[in-house]
file run_17.cif (mmCIF, C-alpha atoms)
data_structure
loop_
_atom_site.group_PDB
_atom_site.id
_atom_site.type_symbol
_atom_site.label_atom_id
_atom_site.label_comp_id
_atom_site.auth_asym_id
_atom_site.auth_seq_id
_atom_site.Cartn_x
_atom_site.Cartn_y
_atom_site.Cartn_z
ATOM 1 C CA MET X 1 159.641 101.722 50.162
ATOM 2 C CA ARG X 2 157.093 99.568 48.332
ATOM 3 C CA ALA X 3 155.440 102.677 46.847
ATOM 4 C CA ALA X 4 158.839 103.898 45.607
ATOM 5 C CA ALA X 5 159.483 100.544 43.954
ATOM 6 C CA SER X 6 156.011 100.600 42.355
ATOM 7 C CA PHE X 7 156.644 104.149 41.116
ATOM 8 C CA ALA X 8 159.998 103.201 39.624
ATOM 9 C CA THR X 9 158.566 100.082 37.955
ATOM 10 C CA ALA X 10 155.556 101.914 36.511
ATOM 11 C CA LEU X 11 157.692 104.806 35.313
ATOM 12 C CA ALA X 12 160.211 102.487 33.670
ATOM 13 C CA ALA X 13 157.486 100.474 31.933
ATOM 14 C CA LEU X 14 155.648 103.506 30.620
ATOM 15 C CA LEU X 15 158.836 105.205 29.463
ATOM 16 C CA LEU X 16 159.854 102.024 27.651
ATOM 17 C CA VAL X 17 156.507 101.793 25.864
ATOM 18 C CA SER X 18 156.477 105.493 24.952
ATOM 19 C CA ALA X 19 160.072 105.511 23.733
ATOM 20 C CA THR X 20 159.838 102.697 21.208
ATOM 21 C CA GLY X 21 159.033 102.933 17.546
ATOM 22 C CA PRO X 22 160.744 103.501 14.236
ATOM 23 C CA GLY X 23 162.635 106.768 14.054
ATOM 24 C CA ASP X 24 162.017 107.748 17.672
ATOM 25 C CA ALA X 25 164.833 109.455 19.519
ATOM 26 C CA GLN X 26 166.362 107.317 22.212
ATOM 27 C CA ARG X 27 165.711 108.595 25.709
ATOM 28 C CA ARG X 28 166.382 107.124 29.130
ATOM 29 C CA LEU X 29 165.401 108.924 32.318
ATOM 30 C CA THR X 30 165.793 107.868 35.907
ATOM 31 C CA ALA X 31 162.893 108.715 38.217
ATOM 32 C CA GLU X 32 164.937 111.646 39.537
ATOM 33 C CA GLU X 33 165.653 112.922 36.004
ATOM 34 C CA ALA X 34 161.977 112.711 35.064
ATOM 35 C CA LEU X 35 161.023 114.707 38.160
ATOM 36 C CA ALA X 36 163.689 117.299 37.330
ATOM 37 C CA LEU X 37 162.184 118.059 33.885
ATOM 38 C CA PRO X 38 160.731 121.569 33.648
ATOM 39 C CA VAL X 39 157.076 122.092 34.421
ATOM 40 C CA VAL X 40 155.234 123.266 31.292
ATOM 41 C CA THR X 41 152.176 125.467 31.098
ATOM 42 C CA ALA X 42 148.816 123.765 31.028
ATOM 43 C CA GLY X 43 148.316 123.272 27.292
ATOM 44 C CA GLY X 44 146.454 120.966 24.925
ATOM 45 C CA GLY X 45 145.572 117.614 26.432
ATOM 46 C CA THR X 46 145.910 118.822 30.016
ATOM 47 C CA SER X 47 143.200 119.785 32.479
ATOM 48 C CA GLY X 48 144.162 123.437 32.147
ATOM 49 C CA LEU X 49 144.545 123.746 35.920
ATOM 50 C CA ARG X 50 147.641 125.781 36.760
ATOM 51 C CA ALA X 51 148.124 124.014 40.101
ATOM 52 C CA ILE X 52 148.895 120.739 38.297
ATOM 53 C CA GLU X 53 152.563 120.239 37.409
ATOM 54 C CA THR X 54 152.823 118.886 33.860
ATOM 55 C CA ARG X 55 156.114 117.547 32.488
ATOM 56 C CA LEU X 56 156.708 116.378 28.913
ATOM 57 C CA LEU X 57 158.487 113.027 29.030
ATOM 58 C CA LYS X 58 158.199 112.430 25.280
ATOM 59 C CA GLY X 59 156.636 114.437 22.506
ATOM 60 C CA ASP X 60 154.019 117.126 23.039
ATOM 61 C CA PRO X 61 150.234 116.582 23.329
ATOM 62 C CA ALA X 62 149.644 119.734 21.260
ATOM 63 C CA ARG X 63 151.508 118.271 18.265
ATOM 64 C CA ALA X 64 151.074 115.237 16.038
ATOM 65 C CA GLY X 65 152.700 112.059 17.312
ATOM 66 C CA LEU X 66 153.188 109.911 20.351
ATOM 67 C CA TYR X 67 153.498 111.710 23.682
ATOM 68 C CA THR X 68 153.816 110.872 27.354
ATOM 69 C CA ILE X 69 153.202 113.446 30.051
ATOM 70 C CA SER X 70 153.576 113.306 33.800
ATOM 71 C CA ILE X 71 151.005 115.167 35.857
ATOM 72 C CA LYS X 72 151.542 115.845 39.543
ATOM 73 C CA VAL X 73 148.167 116.756 41.005
ATOM 74 C CA PRO X 74 148.124 118.558 44.366
ATOM 75 C CA PRO X 75 146.106 117.306 47.336
ATOM 76 C CA ASN X 76 142.358 117.949 47.327
ATOM 77 C CA THR X 77 142.151 118.864 43.621
ATOM 78 C CA ARG X 78 139.046 118.212 41.524
ATOM 79 C CA ILE X 79 139.035 117.944 37.736
ATOM 80 C CA ALA X 80 135.601 118.373 36.148
ATOM 81 C CA ALA X 81 134.241 115.998 33.527
ATOM 82 C CA HIS X 82 135.913 116.513 30.149
ATOM 83 C CA THR X 83 136.972 114.691 26.971
ATOM 84 C CA HIS X 84 140.032 114.434 24.727
ATOM 85 C CA ARG X 85 140.035 113.779 20.987
ATOM 86 C CA ASP X 86 142.767 111.136 21.270
ATOM 87 C CA ASP X 87 142.720 107.701 22.880
ATOM 88 C CA ARG X 88 144.914 107.723 26.001
ATOM 89 C CA THR X 89 146.267 105.286 28.569
ATOM 90 C CA ALA X 90 147.572 106.094 32.027
ATOM 91 C CA VAL X 91 149.426 104.639 35.004
ATOM 92 C CA VAL X 92 149.249 106.005 38.541
ATOM 93 C CA VAL X 93 152.756 106.239 39.976
ATOM 94 C CA ALA X 94 152.237 108.004 43.324
ATOM 95 C CA GLY X 95 149.397 108.873 45.678
ATOM 96 C CA VAL X 96 145.766 107.914 45.130
ATOM 97 C CA TRP X 97 143.925 109.033 41.988
ATOM 98 C CA HIS X 98 140.139 108.870 42.183
ATOM 99 C CA PHE X 99 139.039 108.405 38.568
ATOM 100 C CA GLY X 100 135.595 107.999 37.023
ATOM 101 C CA TYR X 101 133.733 107.990 33.724
ATOM 102 C CA GLY X 102 130.680 110.098 32.900
ATOM 103 C CA SER X 103 129.592 113.524 31.733
ATOM 104 C CA LYS X 104 129.117 114.787 35.283
ATOM 105 C CA ALA X 105 131.662 114.466 38.093
ATOM 106 C CA ASN X 106 130.229 112.098 40.674
ATOM 107 C CA GLU X 107 132.469 111.114 43.558
ATOM 108 C CA ALA X 108 130.537 107.868 44.092
ATOM 109 C CA ALA X 109 131.292 106.822 40.480
ATOM 110 C CA THR X 110 135.067 106.975 40.915
ATOM 111 C CA ARG X 111 137.470 104.209 41.725
ATOM 112 C CA ALA X 112 140.497 104.806 43.962
ATOM 113 C CA LEU X 113 143.613 103.957 41.945
ATOM 114 C CA SER X 114 146.872 103.487 43.859
ATOM 115 C CA PRO X 115 150.443 103.329 42.459
ATOM 116 C CA GLY X 116 150.746 100.753 39.691
ATOM 117 C CA SER X 117 147.080 101.100 38.676
ATOM 118 C CA PHE X 118 146.232 101.449 34.985
ATOM 119 C CA TYR X 119 143.256 103.081 33.279
ATOM 120 C CA THR X 120 142.136 104.334 29.867
ATOM 121 C CA GLU X 121 140.713 107.594 28.570
ATOM 122 C CA PRO X 122 138.956 106.561 25.342
ATOM 123 C CA ALA X 123 138.696 109.305 22.694
ATOM 124 C CA GLY X 124 135.569 111.413 23.227
ATOM 125 C CA ASP X 125 134.612 109.534 26.419
ATOM 126 C CA PRO X 126 133.926 111.952 29.317
ATOM 127 C CA HIS X 127 135.865 111.356 32.519
ATOM 128 C CA PHE X 128 136.778 113.187 35.724
ATOM 129 C CA ALA X 129 139.111 112.809 38.685
ATOM 130 C CA TRP X 130 140.001 114.076 42.129
ATOM 131 C CA THR X 131 142.693 113.673 44.737
ATOM 132 C CA GLY X 132 142.526 113.351 48.494
ATOM 133 C CA PRO X 133 145.041 114.620 51.037
ATOM 134 C CA GLU X 134 147.999 112.823 49.438
ATOM 135 C CA GLY X 135 147.669 114.138 45.868
ATOM 136 C CA ALA X 136 148.711 111.922 42.950
ATOM 137 C CA THR X 137 151.179 111.586 40.084
ATOM 138 C CA VAL X 138 149.958 110.028 36.835
ATOM 139 C CA LEU X 139 151.727 109.225 33.551
ATOM 140 C CA ILE X 140 149.507 109.644 30.480
ATOM 141 C CA THR X 141 150.306 108.461 26.926
ATOM 142 C CA GLY X 142 148.417 109.284 23.747
ATOM 143 C CA ILE X 143 148.867 110.238 20.107
ATOM 144 C CA GLY X 144 148.490 113.959 19.485
ATOM 145 C CA PRO X 145 147.362 116.390 18.741
ATOM 146 C CA SER X 146 145.233 116.224 21.867
ATOM 147 C CA ASP X 147 142.784 118.679 23.354
ATOM 148 C CA THR X 148 140.562 119.069 26.400
ATOM 149 C CA GLN X 149 136.859 119.863 26.097
ATOM 150 C CA TYR X 150 134.840 120.610 29.244
#
call {"tool": "encode", "arguments": {"input": "run_17.cif", "output": "structure tokens"}}
result
Amino acid sequence: MRAAASFATALAALLLVSATGPGDAQRRLTAEEALALPVVTAGGGTSGLRAIETRLLKGDPARAGLYTISIKVPPNTRIAAHTHRDDRTAVVVAGVWHFGYGSKANEAATRALSPGSFYTEPAGDPHFAWTGPEGATVLITGIGPSDTQY
């Protein structure tokens, strides 16, 4: 129950931040509506892994402008060290996300981030991640166009 409340709070906060600004279309989504959005193919600004479910909550990382994506990462998934050209922020909303910085994935260099945790992906700064048996869902916001360079 506490995890569900943390998820709902984090989702609401991130959606509020990503939906504000002059000229932006108004959008309100419940947690259920956000989860019901279609899964998009792994494109610019994503890890490129087909097993990860990516949903566009606002905008599109491949295009200019503010975007927020939701990524649902399956259990026992590893994402190699990579960079993005845009500065990004993220909130973990479900599961445990093991996240680290560096040009080489090193499990010992990660920090376990539970629901409600926040982290940054500075532009050009290599980072990597992995999930354990529970998988993870993360909301990521940036200003596109984005990319992913391994």
call {"tool": "atom_distance", "arguments": {"input": "run_17.cif", "atom1": "atom CA of Trp97 of chain X", "atom2": "atom CA of Ala112 of chain X"}}
result
5.8 Å
call {"tool": "atom_distance", "arguments": {"input": "run_17.cif", "atom1": "atom CA of Leu139 of chain X", "atom2": "atom CA of Val92 of chain X"}}
result
6.4 Å
call {"tool": "closest_residue", "arguments": {"input": "run_17.cif", "among": "X:Ser103, X:Thr148, X:Ser117, X:Thr141", "to": "Leu56 of chain X", "atoms": "only C-alpha atoms"}}
result
X:Thr141
call {"tool": "resolve_selection", "arguments": {"input": "run_17.cif", "expression": "the PyMOL selection byres ((chain X and resi 121) around 9)", "output": "list in words"}}
result
Thr83, His84, Asp86, Asp87, Arg88, Thr89, Ala90, Tyr101, Tyr119, Thr120, Pro122, Ala123, Gly124, Asp125, Pro126 and His127 of chain X
call {"tool": "atom_distance", "arguments": {"input": "run_17.cif", "atom1": "atom CA of Arg111 of chain X", "atom2": "atom CA of Thr46 of chain X"}}
result
20.5 Å
call {"tool": "resolve_selection", "arguments": {"input": "run_17.cif", "expression": "the PyMOL selection byres ((chain X and resi 73) around 9)", "output": "PyMOL selection string"}}
result
chain X and resi 51-54+71-72+74-77+97+130-131+135-138
call {"tool": "closest_residue", "arguments": {"input": "run_17.cif", "among": "X:Ile79, X:Ile69, X:Leu35, X:Val40", "to": "His98 of chain X", "atoms": "only C-alpha atoms"}}
result
X:Ile79
call {"tool": "closest_residue", "arguments": {"input": "run_17.cif", "among": "X:Ala62, X:Ala34, X:Leu29, X:Ala105", "to": "Arg85 of chain X", "atoms": "only C-alpha atoms"}}
result
X:Ala62
call {"tool": "axis_aligned_box", "arguments": {"input": "run_17.cif", "around": "segment 78-85 of chain X", "padding_each_side": "4 Å", "output": "AutoDock Vina command-line options"}}
result
--center_x 137.1 --center_y 116.1 --center_z 31.3 --size_x 13.8 --size_y 12.6 --size_z 28.5
call {"tool": "resolve_selection", "arguments": {"input": "run_17.cif", "expression": "the PyMOL selection byres ((chain X and resi 58) around 8)", "output": "number ranges by chain"}}
result
X: 18-19, 56-57, 59-60, 66-69
call {"tool": "closest_residue", "arguments": {"input": "run_17.cif", "among": "X:Leu49, X:Ala25, X:Ala31, X:Ile140", "to": "Val91 of chain X", "atoms": "only C-alpha atoms"}}
result
X:Ile140
call {"tool": "closest_residue", "arguments": {"input": "run_17.cif", "among": "X:Gly102, X:Arg55, X:Thr30, X:Ser114", "to": "Ser70 of chain X", "atoms": "all atoms listed in the file"}}
result
X:Arg55
